[in-house]
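Enquirer: Hey, dropping run_26.txt in here, compact mmCIF, C-alpha atoms (C1' of nucleotides):
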```
# COMPACT_ATOMS: atom_id res chain seq x y z
CA MET A 24 6.67 38.21 -1.04
CA VAL A 25 5.41 38.97 -4.51
CA ASP A 26 5.14 36.27 -7.14
CA VAL A 27 5.20 33.47 -4.62
CA LYS A 28 3.86 30.92 -7.08
CA GLY A 29 5.13 32.55 -10.23
CA ILE A 30 7.46 31.10 -12.77
CA ALA A 31 10.32 33.04 -11.25
CA ASN A 32 10.14 30.96 -8.09
CA PRO A 33 12.00 27.66 -8.50
CA LEU A 34 11.07 26.50 -4.99
CA PHE A 35 7.44 26.38 -5.88
CA LEU A 36 8.07 24.31 -8.96
CA ARG A 37 10.18 21.95 -6.96
CA GLU A 38 7.57 21.60 -4.25
CA GLU A 39 4.87 21.04 -6.83
CA GLU A 40 6.98 18.53 -8.70
CA LEU A 41 7.67 16.53 -5.56
CA ARG A 42 4.04 16.54 -4.49
CA GLN A 43 3.03 15.26 -7.88
CA ALA A 44 5.47 12.42 -7.50
CA ILE A 45 4.11 11.59 -4.06
CA GLU A 46 0.59 11.48 -5.38
CA MET A 47 1.41 9.51 -8.48
CA LEU A 48 3.13 6.94 -6.32
CA PHE A 49 -0.01 6.66 -4.22
CA PHE A 50 -2.36 6.35 -7.18
CA ALA A 51 -0.09 4.03 -9.10
CA TYR A 52 0.29 1.67 -6.17
CA ARG A 53 -3.40 1.77 -5.43
CA ASP A 54 -4.26 0.81 -9.00
CA PHE A 55 -1.38 -1.58 -9.39
CA THR A 56 -2.70 -3.69 -6.51
CA GLY A 57 -6.41 -3.22 -7.08
CA GLU A 58 -7.16 -5.87 -9.67
CA PRO A 59 -5.00 -8.64 -8.18
CA ASP A 60 -6.66 -7.92 -4.83
CA ALA A 61 -10.04 -8.58 -6.40
CA MET A 62 -8.86 -11.87 -7.92
CA LEU A 63 -7.42 -12.93 -4.59
CA ALA A 64 -10.61 -12.11 -2.75
CA ASP A 65 -12.44 -14.66 -4.90
CA LEU A 66 -10.09 -17.33 -3.58
CA GLY A 67 -10.33 -16.20 0.02
CA LEU A 68 -6.82 -14.77 -0.12
CA GLY A 69 -5.46 -11.29 0.45
CA ARG A 70 -2.64 -9.07 -0.64
CA ALA A 71 -0.35 -10.57 1.95
CA HIS A 72 -0.74 -13.96 0.29
CA HIS A 73 0.08 -12.39 -3.03
CA ARG A 74 3.33 -10.96 -1.75
CA VAL A 75 4.39 -14.32 -0.37
CA ILE A 76 3.46 -16.17 -3.53
CA TYR A 77 5.23 -13.58 -5.63
CA PHE A 78 8.54 -13.66 -3.78
CA VAL A 79 8.57 -17.42 -3.36
CA GLY A 80 7.91 -17.77 -7.07
CA ARG A 81 10.66 -15.32 -7.81
CA ASN A 82 13.14 -16.96 -5.43
CA PRO A 83 12.48 -20.70 -5.42
CA GLY A 84 13.93 -22.35 -2.33
CA ILE A 85 13.98 -19.09 -0.38
CA THR A 86 14.21 -19.46 3.39
CA VAL A 87 11.67 -18.09 5.82
CA SER A 88 14.09 -15.56 7.23
CA GLU A 89 15.03 -14.28 3.79
CA LEU A 90 11.37 -13.81 3.05
CA LEU A 91 10.92 -11.94 6.32
CA LYS A 92 13.70 -9.55 5.36
CA ILE A 93 12.01 -8.77 2.07
CA LEU A 94 8.54 -8.29 3.48
CA ARG A 95 9.63 -6.52 6.68
CA ILE A 96 6.94 -8.12 8.78
CA THR A 97 7.17 -10.36 11.85
CA LYS A 98 7.39 -14.11 11.60
CA GLN A 99 4.08 -14.41 13.43
CA SER A 100 2.43 -12.35 10.78
CA LEU A 101 4.03 -14.29 7.97
CA SER A 102 3.18 -17.56 9.67
CA ARG A 103 -0.55 -17.06 9.39
CA VAL A 104 -0.37 -16.38 5.70
CA LEU A 105 2.31 -18.92 4.85
CA SER A 106 0.78 -21.84 6.70
CA HIS A 107 -2.48 -21.12 4.97
CA LEU A 108 -0.75 -21.25 1.60
CA VAL A 109 0.94 -24.51 2.52
CA GLU A 110 -2.34 -26.06 3.70
CA GLU A 111 -4.06 -24.99 0.51
CA GLY A 112 -1.31 -26.52 -1.57
CA TYR A 113 0.17 -23.38 -3.13
CA ILE A 114 3.57 -23.74 -1.49
CA VAL A 115 5.71 -26.64 -0.29
CA GLN A 116 8.38 -26.56 2.38
CA ARG A 117 11.44 -28.79 2.47
CA PRO A 118 14.34 -28.79 4.91
CA GLY A 119 17.54 -27.13 3.81
CA GLU A 120 20.33 -29.50 2.81
CA ARG A 121 23.27 -27.69 4.33
CA ASP A 122 21.23 -26.39 7.29
CA ARG A 123 18.34 -28.63 8.15
CA ARG A 124 16.72 -26.05 10.42
CA GLN A 125 15.75 -24.04 7.40
CA ARG A 126 12.47 -24.53 5.56
CA LEU A 127 13.04 -23.87 1.90
CA LEU A 128 9.93 -22.59 0.18
CA THR A 129 8.83 -23.41 -3.34
CA LEU A 130 5.64 -22.94 -5.30
CA THR A 131 3.65 -26.01 -6.31
CA GLN A 132 2.15 -26.22 -9.76
CA LYS A 133 -1.02 -24.76 -8.30
CA GLY A 134 1.03 -21.95 -6.80
CA VAL A 135 2.80 -21.27 -10.05
CA GLU A 136 -0.51 -21.02 -11.85
CA LEU A 137 -1.94 -18.56 -9.37
CA GLU A 138 1.22 -16.51 -9.41
CA ARG A 139 1.06 -16.35 -13.16
CA ARG A 140 -2.52 -15.17 -13.19
CA LEU A 141 -1.90 -12.48 -10.60
CA THR A 142 1.32 -11.23 -12.07
CA ALA A 143 0.00 -11.29 -15.62
CA ASN A 144 -2.37 -8.51 -14.67
CA GLN A 145 0.33 -6.34 -13.16
CA ARG A 146 2.75 -7.10 -15.94
CA GLU A 147 0.21 -6.08 -18.52
CA ARG A 148 -0.45 -2.78 -16.77
CA ILE A 149 3.23 -2.00 -16.61
CA ALA A 150 3.94 -3.23 -20.11
CA THR A 151 1.33 -0.88 -21.49
CA ALA A 152 2.75 2.03 -19.54
CA PHE A 153 6.25 1.15 -20.74
CA ARG A 154 5.14 0.86 -24.34
CA ASN A 155 3.40 4.21 -24.29
CA ALA A 156 6.21 6.00 -22.50
CA GLY A 157 9.08 4.71 -24.60
CA ALA A 158 12.42 3.10 -23.79
CA GLU A 159 14.12 6.22 -22.48
CA ALA A 160 11.31 6.92 -20.09
CA VAL A 161 11.52 3.35 -18.83
CA GLN A 162 15.16 3.84 -17.97
CA GLY A 163 14.34 7.01 -16.12
CA PHE A 164 11.55 5.25 -14.29
CA ASN A 165 13.89 2.47 -13.21
CA LEU A 166 16.58 4.86 -12.13
CA VAL A 167 14.33 7.04 -9.99
CA LEU A 168 12.45 4.14 -8.43
CA HIS A 169 15.78 2.53 -7.63
CA GLY A 170 16.82 5.68 -5.82
CA ILE A 171 13.68 5.72 -3.71
CA ILE A 172 14.37 2.26 -2.32
CA ASP A 173 16.41 1.95 0.88
CA PRO A 174 20.09 1.42 0.00
CA GLU A 175 20.25 -2.01 1.62
CA ASP A 176 17.67 -3.35 -0.80
CA ARG A 177 18.92 -1.62 -3.92
CA ARG A 178 21.51 -4.29 -4.52
CA ARG A 179 18.70 -6.74 -5.25
CA PHE A 180 18.51 -5.02 -8.61
CA ASP A 181 22.18 -5.11 -9.41
CA VAL A 182 22.90 -7.12 -12.52
CA PRO A 183 25.94 -9.35 -11.92
CA GLY A 184 27.83 -8.76 -15.17
CA THR A 185 27.45 -5.02 -15.34
CA GLY A 186 29.10 -3.95 -12.12
CA GLY A 187 26.29 -1.50 -11.48
CA PRO A 188 22.62 -1.35 -10.68
CA LEU A 189 19.86 -2.01 -13.17
CA GLY A 190 22.11 -3.43 -15.80
CA ALA A 191 22.02 -1.70 -19.14
CA ALA A 192 19.77 1.10 -17.93
CA ARG A 193 22.39 2.37 -15.58
CA LEU A 194 25.25 1.90 -17.99
CA LYS A 195 23.52 4.00 -20.57
CA ALA A 196 22.45 6.71 -18.16
CA GLY A 197 25.91 6.83 -16.67
CA ALA A 198 27.49 7.13 -20.09
CA GLY A 199 25.50 10.21 -20.82
CA LYS A 200 26.73 11.95 -17.71
CA ARG A 201 30.42 11.27 -17.72
CA MET B 17 13.86 -24.91 -26.84
CA VAL B 18 17.52 -24.08 -26.67
CA ASP B 19 18.72 -20.74 -25.34
CA VAL B 20 15.52 -20.06 -23.42
CA LYS B 21 17.12 -17.38 -21.31
CA GLY B 22 19.78 -16.36 -23.76
CA ILE B 23 20.30 -12.92 -25.21
CA ALA B 24 18.62 -14.09 -28.39
CA ASN B 25 15.29 -14.33 -26.56
CA PRO B 26 13.60 -10.96 -26.24
CA LEU B 27 10.66 -12.44 -24.30
CA PHE B 28 12.89 -13.32 -21.40
CA LEU B 29 14.31 -9.82 -21.23
CA ARG B 30 10.87 -8.37 -21.32
CA GLU B 31 9.59 -10.67 -18.59
CA GLU B 32 12.61 -9.89 -16.45
CA GLU B 33 12.26 -6.17 -17.05
CA LEU B 34 8.61 -6.21 -16.02
CA ARG B 35 9.29 -8.27 -12.91
CA GLN B 36 11.98 -5.83 -11.87
CA ALA B 37 9.48 -3.03 -12.21
CA ILE B 38 6.92 -4.91 -10.13
CA GLU B 39 9.44 -5.49 -7.39
CA MET B 40 10.82 -1.98 -7.40
CA LEU B 41 7.32 -0.66 -7.05
CA PHE B 42 6.84 -2.89 -4.02
CA PHE B 43 10.13 -1.93 -2.36
CA ALA B 44 9.79 1.74 -3.19
CA TYR B 45 6.32 1.96 -1.75
CA ARG B 46 7.33 -0.02 1.32
CA ASP B 47 10.21 2.34 2.02
CA PHE B 48 8.36 5.44 0.96
CA THR B 49 5.74 4.84 3.65
CA GLY B 50 7.98 3.34 6.31
CA GLU B 51 9.32 6.44 8.02
CA PRO B 52 6.09 8.45 8.04
CA ASP B 53 4.37 5.40 9.50
CA ALA B 54 6.82 5.42 12.37
CA MET B 55 6.24 9.15 13.04
CA LEU B 56 2.50 8.60 12.97
CA ALA B 57 2.69 5.71 15.39
CA ASP B 58 4.20 8.06 17.98
CA LEU B 59 1.05 10.18 17.73
CA GLY B 60 -1.32 7.25 17.86
CA LEU B 61 -2.13 7.64 14.17
CA GLY B 62 -1.79 5.32 11.22
CA ARG B 63 -1.20 5.45 7.51
CA ALA B 64 -4.87 5.99 6.85
CA HIS B 65 -4.70 9.24 8.83
CA HIS B 66 -1.72 10.29 6.79
CA ARG B 67 -3.57 9.82 3.53
CA VAL B 68 -6.50 11.88 4.75
CA ILE B 69 -4.26 14.64 6.06
CA TYR B 70 -2.28 14.66 2.86
CA PHE B 71 -5.21 14.96 0.49
CA VAL B 72 -7.08 17.47 2.64
CA GLY B 73 -3.92 19.55 2.80
CA ARG B 74 -3.52 19.28 -0.93
CA ASN B 75 -7.17 20.12 -1.65
CA PRO B 76 -8.38 22.57 0.97
CA GLY B 77 -12.16 22.60 1.17
CA ILE B 78 -12.46 19.13 -0.40
CA THR B 79 -15.76 17.35 0.19
CA VAL B 80 -16.11 14.00 1.85
CA SER B 81 -17.28 12.33 -1.34
CA GLU B 82 -14.36 13.71 -3.33
CA LEU B 83 -12.03 12.33 -0.71
CA LEU B 84 -13.74 8.96 -0.91
CA LYS B 85 -13.19 8.86 -4.65
CA ILE B 86 -9.50 9.49 -4.21
CA LEU B 87 -8.97 6.98 -1.45
CA ARG B 88 -11.31 4.33 -2.85
CA ILE B 89 -12.52 3.22 0.55
CA THR B 90 -15.99 3.19 2.09
CA LYS B 91 -17.39 6.14 3.97
CA GLN B 92 -17.59 4.01 7.13
CA SER B 93 -13.90 3.38 6.91
CA LEU B 94 -13.11 7.01 6.26
CA SER B 95 -15.42 8.07 9.05
CA ARG B 96 -13.39 6.37 11.75
CA VAL B 97 -10.22 8.07 10.67
CA LEU B 98 -11.69 11.44 9.78
CA SER B 99 -13.73 11.91 12.95
CA HIS B 100 -10.64 11.09 14.95
CA LEU B 101 -8.69 13.77 13.11
CA VAL B 102 -11.47 16.29 13.70
CA GLU B 103 -11.65 15.43 17.41
CA GLU B 104 -7.91 15.79 17.75
CA GLY B 105 -7.99 19.15 16.02
CA TYR B 106 -6.10 18.36 12.85
CA ILE B 107 -9.02 19.02 10.54
CA VAL B 108 -12.07 21.29 10.59
CA GLN B 109 -15.33 20.80 8.77
CA ARG B 110 -17.60 23.57 7.53
CA PRO B 111 -20.80 23.33 5.53
CA GLY B 112 -20.62 24.02 1.83
CA GLU B 113 -21.95 27.40 0.74
CA ARG B 114 -23.66 26.39 -2.44
CA ASP B 115 -24.68 23.01 -1.09
CA ARG B 116 -25.07 22.97 2.66
CA ARG B 117 -25.18 19.17 2.84
CA GLN B 118 -21.50 19.06 2.08
CA ARG B 119 -18.80 19.11 4.73
CA LEU B 120 -15.81 20.95 3.38
CA LEU B 121 -12.60 19.75 4.95
CA THR B 122 -9.61 21.90 5.77
CA LEU B 123 -6.47 21.42 7.83
CA THR B 124 -6.03 23.41 11.00
CA GLN B 125 -2.66 24.91 11.82
CA LYS B 126 -1.93 21.77 13.83
CA GLY B 127 -2.90 19.72 10.81
CA VAL B 128 -0.72 21.75 8.49
CA GLU B 129 2.23 21.27 10.77
CA LEU B 130 1.81 17.53 10.95
CA GLU B 131 1.30 17.32 7.22
CA ARG B 132 4.51 19.24 6.69
CA ARG B 133 6.51 16.98 8.95
CA LEU B 134 5.22 13.82 7.32
CA THR B 135 5.54 15.01 3.78
CA ALA B 136 8.96 16.55 4.34
CA ASN B 137 10.31 13.07 4.85
CA GLN B 138 8.81 11.70 1.67
CA ARG B 139 9.73 14.77 -0.29
CA GLU B 140 13.32 14.47 0.82
CA ARG B 141 13.47 10.84 -0.23
CA ILE B 142 12.09 11.65 -3.64
CA ALA B 143 14.15 14.80 -4.05
CA THR B 144 17.32 12.82 -3.46
CA ALA B 145 16.30 10.19 -5.96
CA PHE B 146 15.43 12.90 -8.49
CA ARG B 147 18.71 14.69 -7.98
CA ASN B 148 20.74 11.53 -8.43
CA ALA B 149 18.80 10.35 -11.45
CA GLY B 150 18.77 13.61 -13.38
CA ALA B 151 16.07 15.66 -15.07
CA GLU B 152 15.53 13.37 -18.02
CA ALA B 153 15.06 10.37 -15.77
CA VAL B 154 12.52 12.33 -13.74
CA GLN B 155 10.47 12.96 -16.85
CA GLY B 156 10.57 9.27 -17.69
CA PHE B 157 9.57 8.40 -14.16
CA ASN B 158 6.59 10.74 -14.35
CA LEU B 159 5.51 9.49 -17.72
CA VAL B 160 5.61 5.81 -16.78
CA LEU B 161 3.97 6.28 -13.40
CA HIS B 162 1.28 8.33 -15.08
CA GLY B 163 0.62 5.43 -17.43
CA ILE B 164 0.25 2.96 -14.58
CA ILE B 165 -2.54 4.96 -13.00
CA ASP B 166 -6.14 4.20 -14.00
CA PRO B 167 -7.18 6.54 -16.82
CA GLU B 168 -9.94 8.18 -14.81
CA ASP B 169 -7.41 9.49 -12.30
CA ARG B 170 -4.72 10.49 -14.76
CA ARG B 171 -6.37 13.77 -15.46
CA ARG B 172 -5.57 14.85 -11.92
CA PHE B 173 -2.08 15.41 -13.23
CA ASP B 174 -3.01 17.36 -16.29
CA VAL B 175 -1.61 20.86 -16.26
CA PRO B 176 -4.28 23.33 -17.42
CA GLY B 177 -2.19 25.42 -19.76
CA THR B 178 -0.37 22.65 -21.56
CA GLY B 179 -3.27 20.71 -23.02
CA GLY B 180 -1.68 17.45 -21.98
CA PRO B 181 -0.69 15.47 -18.93
CA LEU B 182 2.24 16.32 -16.73
CA GLY B 183 2.88 19.69 -18.21
CA ALA B 184 6.33 20.16 -19.64
CA ALA B 185 7.34 16.54 -19.18
CA ARG B 186 4.77 15.37 -21.65
CA LEU B 187 5.36 18.18 -24.08
CA LYS B 188 8.99 17.32 -24.34
CA ALA B 189 8.45 13.58 -24.59
CA GLY B 190 5.78 14.07 -27.22
CA ALA B 191 7.99 16.39 -29.25
CA GLY B 192 10.62 13.69 -29.57
CA LYS B 193 8.16 11.17 -30.95
CA ARG B 194 6.21 13.10 -33.51
C1' DC C 21 -45.30 21.62 -2.65
C1' DC C 22 -44.34 16.98 -2.27
C1' DC C 23 -41.19 13.37 -3.53
C1' DT C 24 -36.95 11.52 -4.74
C1' DT C 25 -32.27 11.86 -4.67
C1' DT C 26 -28.03 13.09 -2.66
C1' DA C 27 -24.36 14.07 1.03
C1' DC C 28 -23.12 12.65 5.10
C1' DG C 29 -23.23 10.22 9.47
C1' DT C 30 -23.80 6.15 12.56
C1' DC C 31 -24.23 1.49 14.66
C1' DA C 32 -22.89 -3.17 14.41
C1' DA C 33 -20.48 -7.15 13.01
C1' DC C 34 -16.86 -9.13 10.70
C1' DC C 35 -12.25 -9.92 8.43
C1' DA C 36 -7.29 -9.37 7.02
C1' DT C 37 -3.13 -8.33 8.52
C1' DG C 38 -0.05 -6.06 11.22
C1' DT C 39 2.04 -5.81 16.27
C1' DT C 40 4.36 -7.54 21.02
C1' DG C 41 5.68 -11.05 24.21
C1' DA C 42 6.58 -15.56 25.82
C1' DC C 43 7.80 -20.13 24.95
C1' DT C 44 9.26 -24.58 22.29
C1' DT C 45 11.75 -27.57 19.13
C1' DA C 46 15.33 -28.80 16.32
C1' DC C 47 19.55 -28.08 14.63
C1' DT C 48 24.29 -25.72 14.19
C1' DT C 49 28.25 -23.70 16.01
C1' DT C 50 31.70 -22.81 19.37
C1' DA D 22 28.23 -29.45 26.64
C1' DA D 23 26.62 -24.80 25.98
C1' DA D 24 25.18 -21.10 23.34
C1' DG D 25 23.15 -19.42 19.33
C1' DT D 26 20.03 -19.68 15.39
C1' DA D 27 15.87 -21.02 12.25
C1' DA D 28 11.47 -21.74 12.62
C1' DG D 29 6.99 -22.47 14.78
C1' DT D 30 3.24 -21.58 18.12
C1' DC D 31 -0.12 -19.46 21.36
C1' DA D 32 -2.31 -15.42 22.94
C1' DA D 33 -3.80 -10.76 23.05
C1' DC D 34 -4.33 -6.65 20.79
C1' DA D 35 -4.62 -2.60 17.10
C1' DT D 36 -5.54 -0.77 12.58
C1' DG D 37 -8.12 -0.27 8.83
C1' DG D 38 -10.67 -2.41 5.50
C1' DT D 39 -15.60 -4.63 4.44
C1' DT D 40 -21.05 -5.20 4.27
C1' DG D 41 -25.65 -3.99 5.71
C1' DA D 42 -29.11 -1.24 7.71
C1' DC D 43 -30.83 2.98 9.02
C1' DG D 44 -31.21 8.24 9.95
C1' DT D 45 -31.03 13.25 8.89
C1' DA D 46 -30.77 17.24 6.34
C1' DA D 47 -30.63 19.57 2.20
C1' DA D 48 -31.28 19.88 -2.89
C1' DG D 49 -33.86 19.49 -6.91
C1' DG D 50 -37.39 17.95 -10.21
C1' DG D 51 -42.31 16.96 -11.26
```
The structure given in the file should be rewritten as structure tokens.

Expert:
Amino acid sequence: MVDVKGIANPLFLREEELRQAIEMLFFAYRDFTGEPDAMLADLGLGRAHHRVIYFVGRNPGITVSELLKILRITKQSLSRVLSHLVEEGYIVQRPGERDRRQRLLTLTQKGVELERRLTANQRERIATAFRNAGAEAVQGFNLVLHGIIDPEDRRRFDVPGTGGPLGAARLKAGAGKR
Amino acid sequence: MVDVKGIANPLFLREEELRQAIEMLFFAYRDFTGEPDAMLADLGLGRAHHRVIYFVGRNPGITVSELLKILRITKQSLSRVLSHLVEEGYIVQRPGERDRRQRLLTLTQKGVELERRLTANQRERIATAFRNAGAEAVQGFNLVLHGIIDPEDRRRFDVPGTGGPLGAARLKAGAGKR
DNA sequence: CCCTTTACGTCAACCATGTTGACTTACTTT
DNA sequence: AAAGTAAGTCAACATGGTTGACGTAAAGGG
């Protein structure tokens, strides 16, 4: 039991490395959401509203059930937030054409503007981190984060033409291995 | 205004790249916390308890105010969670030696065991992602995540001997640039 | 030695956002 | 026509954040 934490013990390094990752994920998420949360609070909205606005903006015409799958919350929980956003004029609903039971969701101009303001903050934070870390690091970041996500949702990041996840990032990483 | 999304437009690629990062961060965090949350629910605990247990385990003898700085919540909010954990025997408090106003927090054996179970899950998820992505990708992941964190908390990840953040990861990345 | 500051705790009220369960309406599918 | 599906609604409840006010004990500076 000598040298438990010494350099000769790979298990300690591994444990330490993994704990660092756990903590960085916590701090990064905390800070990543902090500023948008403050902006939202000024408008009487919360983080839940942000998530809805983000994913509706990203997937115009998305159905309620698709949105529920992404957010992994109940429809009752979504309902409170979504109906508020509709009442306040951030989002419009229209019936689906093929299936008229569906309510297709789209941002209004007001919604688009809010989404832009909120996302600009997050984008800027990430852009700075990307710039400082360099292109290779960004690929590594994408690859690891991709692997942390549940398999069923990884395919959201597949890029159609490339036949693999994450488009060019994956192609390049894969090339280096094979 | 032709070719707005075409390959000739670097702004579109950049925007898309940043949005992918935003979304991956959301999905990764969602899935990273999902399974521990379910374990905690069986014990009548929540994610807030997990965070406290984690950081007390990681920093034995931490003071309440240090913990508050990490979590960025109010003491009233922490109090509810922390006193519950003390009552249930996961954490013990003892007065500080130099400053007897302080309550130094430490996990009990019961607390250590719970912490291990919860963290094992997250560690496994990250370890798998690390293994599949490769060592270089892990360094990139660390470097980018580090850059996303607010500067005042980045130093938590500095490694004493190396004179820079993230120990070896940073040394290697820096060597390539200079 | 007093006085101020600090570390921590507590009570109370409120809010955002998640849950479960039961039920309805409208539409699609078989 | 019957069954299934998409969405909404009402109600009750839990967790974990917030602000504000106040209390206690210890530390530290004049």

Enquirer: Using only C-alpha atoms, determine which residues of chain B fall within 8 Å of chain A; present them as an NGL selection string.

Expert: :B and (34-38 or 40-41 or 43-45 or 47-48 or 138-139 or 141-146 or 148-149 or 152-166 or 169 or 173)

Enquirer: Report as CSV the residues of chain C within 8 Å of chain A, each with its shortest atom pair and distance in Å (one decimal), using all atoms listed in the file, ordered by chain and increasing residue number.

Expert:
```
residue,atom,partner,partner_atom,distance
C:DA36,C1',A:Gly69,CA,7.1
C:DT37,C1',A:Ser100,CA,7.2
C:DG38,C1',A:Ser100,CA,6.8
C:DA46,C1',A:Arg124,CA,6.7
C:DC47,C1',A:Arg124,CA,5.5
C:DT48,C1',A:Asp122,CA,7.6
```

Enquirer: When you get a sec, could you note down which chain D residues fall within 10 Å of chain A, using all atoms listed in the file, as a PyMOL selection string?

Expert: chain D and resi 26-30

Enquirer: Between CA of Val68 (chain B) and C1' of DT25 (chain C), what distance in Å does the model show, to one decimal?

Expert: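 It comes out at 27.4 Å.
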
Enquirer: Please compute the CA of Leu63 (chain A)-CA of Asn144 (chain A) distance, one decimal, in Å.

Expert: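 A separation of 12.1 Å between them.
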
Enquirer: C1' of DC43 (chain C) and C1' of DC31 (chain D) are how many Å apart?

Expert: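 For C1' of DC43 (chain C) relative to C1' of DC31 (chain D), the distance reads 8.7 Å.
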
Enquirer: For Gln116 (chain A), find every residue with an atom within 8 Å (counting all atoms listed in the file), except residues of its own chain fewer than 4 positions away, and show them as an mmCIF file with C-alpha atoms, in the coordinates of the input.

Expert:
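Saved the output as result-v2.cif:
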```cif
data_model
loop_
_atom_site.group_PDB
_atom_site.id
_atom_site.type_symbol
_atom_site.label_atom_id
_atom_site.label_comp_id
_atom_site.auth_asym_id
_atom_site.auth_seq_id
_atom_site.Cartn_x
_atom_site.Cartn_y
_atom_site.Cartn_z
ATOM 1 C CA VAL A 109 0.940 -24.510 2.520
ATOM 2 C CA ARG A 126 12.470 -24.530 5.560
ATOM 3 C CA LEU A 127 13.040 -23.870 1.900
ATOM 4 C CA LEU A 128 9.930 -22.590 0.180
ATOM 5 C CA THR A 129 8.830 -23.410 -3.340
#
```

Enquirer: From the options A:Ile85, A:Leu66, A:Val182, A:Ala61, which residue's atoms come nearest to Pro118 (chain A), counting only C-alpha atoms?

Expert: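 That would be A:Ile85, the residue with the smallest distance to Pro118 (chain A).
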
Enquirer: Which residues are near DT50 (chain C)? Cut-off 12 Å, all atoms listed in the file, ignore same chain within fewer than 6 positions. Put them as number ranges by chain.

Expert: D: 22-25

Enquirer: Taking (-1.0, 19.3, 10.3) in the file's coordinates as the center, which residues reach within 10 Å of it, counting only C-alpha atoms (C1' of nucleotides), put as a PyMOL selection string?

Expert: chain B and resi 66+69-70+72-73+101+105-107+123-134

Enquirer: Residues at most 12 Å from region 43-50 of chain D, counting all atoms listed in the file, excluding those fewer than 4 positions away in the same chain, as a PyMOL selection string?

Expert: (chain B and resi 111-118) or (chain C and resi 21-32)

Enquirer: Can I get C-alpha atoms (C1' of nucleotides) for chain D, as a PDB file, in the first residue's frame?

Expert:
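Once everything was written out, this is part.pdb:
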```pdb
ATOM      1  C1'  DA D  22     -67.182   1.655 -35.961  1.00  0.00           C
ATOM      2  C1'  DA D  23     -63.435   1.001 -32.768  1.00  0.00           C
ATOM      3  C1'  DA D  24     -58.984   1.674 -31.192  1.00  0.00           C
ATOM      4  C1'  DG D  25     -55.041   4.401 -30.965  1.00  0.00           C
ATOM      5  C1'  DT D  26     -52.576   8.788 -30.963  1.00  0.00           C
ATOM      6  C1'  DA D  27     -51.469  14.028 -30.405  1.00  0.00           C
ATOM      7  C1'  DA D  28     -52.360  17.373 -27.573  1.00  0.00           C
ATOM      8  C1'  DG D  29     -54.515  19.873 -23.781  1.00  0.00           C
ATOM      9  C1'  DT D  30     -56.308  20.500 -19.052  1.00  0.00           C
ATOM     10  C1'  DC D  31     -57.140  20.318 -13.997  1.00  0.00           C
ATOM     11  C1'  DA D  32     -55.412  19.238  -9.585  1.00  0.00           C
ATOM     12  C1'  DA D  33     -52.187  18.105  -6.079  1.00  0.00           C
ATOM     13  C1'  DC D  34     -47.676  17.733  -4.731  1.00  0.00           C
ATOM     14  C1'  DA D  35     -42.215  17.938  -4.296  1.00  0.00           C
ATOM     15  C1'  DT D  36     -37.776  20.050  -5.007  1.00  0.00           C
ATOM     16  C1'  DG D  37     -34.884  23.584  -4.884  1.00  0.00           C
ATOM     17  C1'  DG D  38     -34.163  28.123  -5.942  1.00  0.00           C
ATOM     18  C1'  DT D  39     -35.156  33.271  -4.259  1.00  0.00           C
ATOM     19  C1'  DT D  40     -35.605  37.592  -0.904  1.00  0.00           C
ATOM     20  C1'  DG D  41     -35.874  39.641   3.615  1.00  0.00           C
ATOM     21  C1'  DA D  42     -35.393  39.868   8.437  1.00  0.00           C
ATOM     22  C1'  DC D  43     -33.325  38.501  12.474  1.00  0.00           C
ATOM     23  C1'  DG D  44     -30.211  35.873  15.951  1.00  0.00           C
ATOM     24  C1'  DT D  45     -25.871  33.954  17.899  1.00  0.00           C
ATOM     25  C1'  DA D  46     -21.233  33.206  18.508  1.00  0.00           C
ATOM     26  C1'  DA D  47     -16.669  34.125  17.519  1.00  0.00           C
ATOM     27  C1'  DA D  48     -12.929  37.029  15.537  1.00  0.00           C
ATOM     28  C1'  DG D  49     -10.474  41.119  15.055  1.00  0.00           C
ATOM     29  C1'  DG D  50      -9.382  46.072  14.996  1.00  0.00           C
ATOM     30  C1'  DG D  51      -9.496  50.647  17.326  1.00  0.00           C
TER      31       DG D  51
END
```
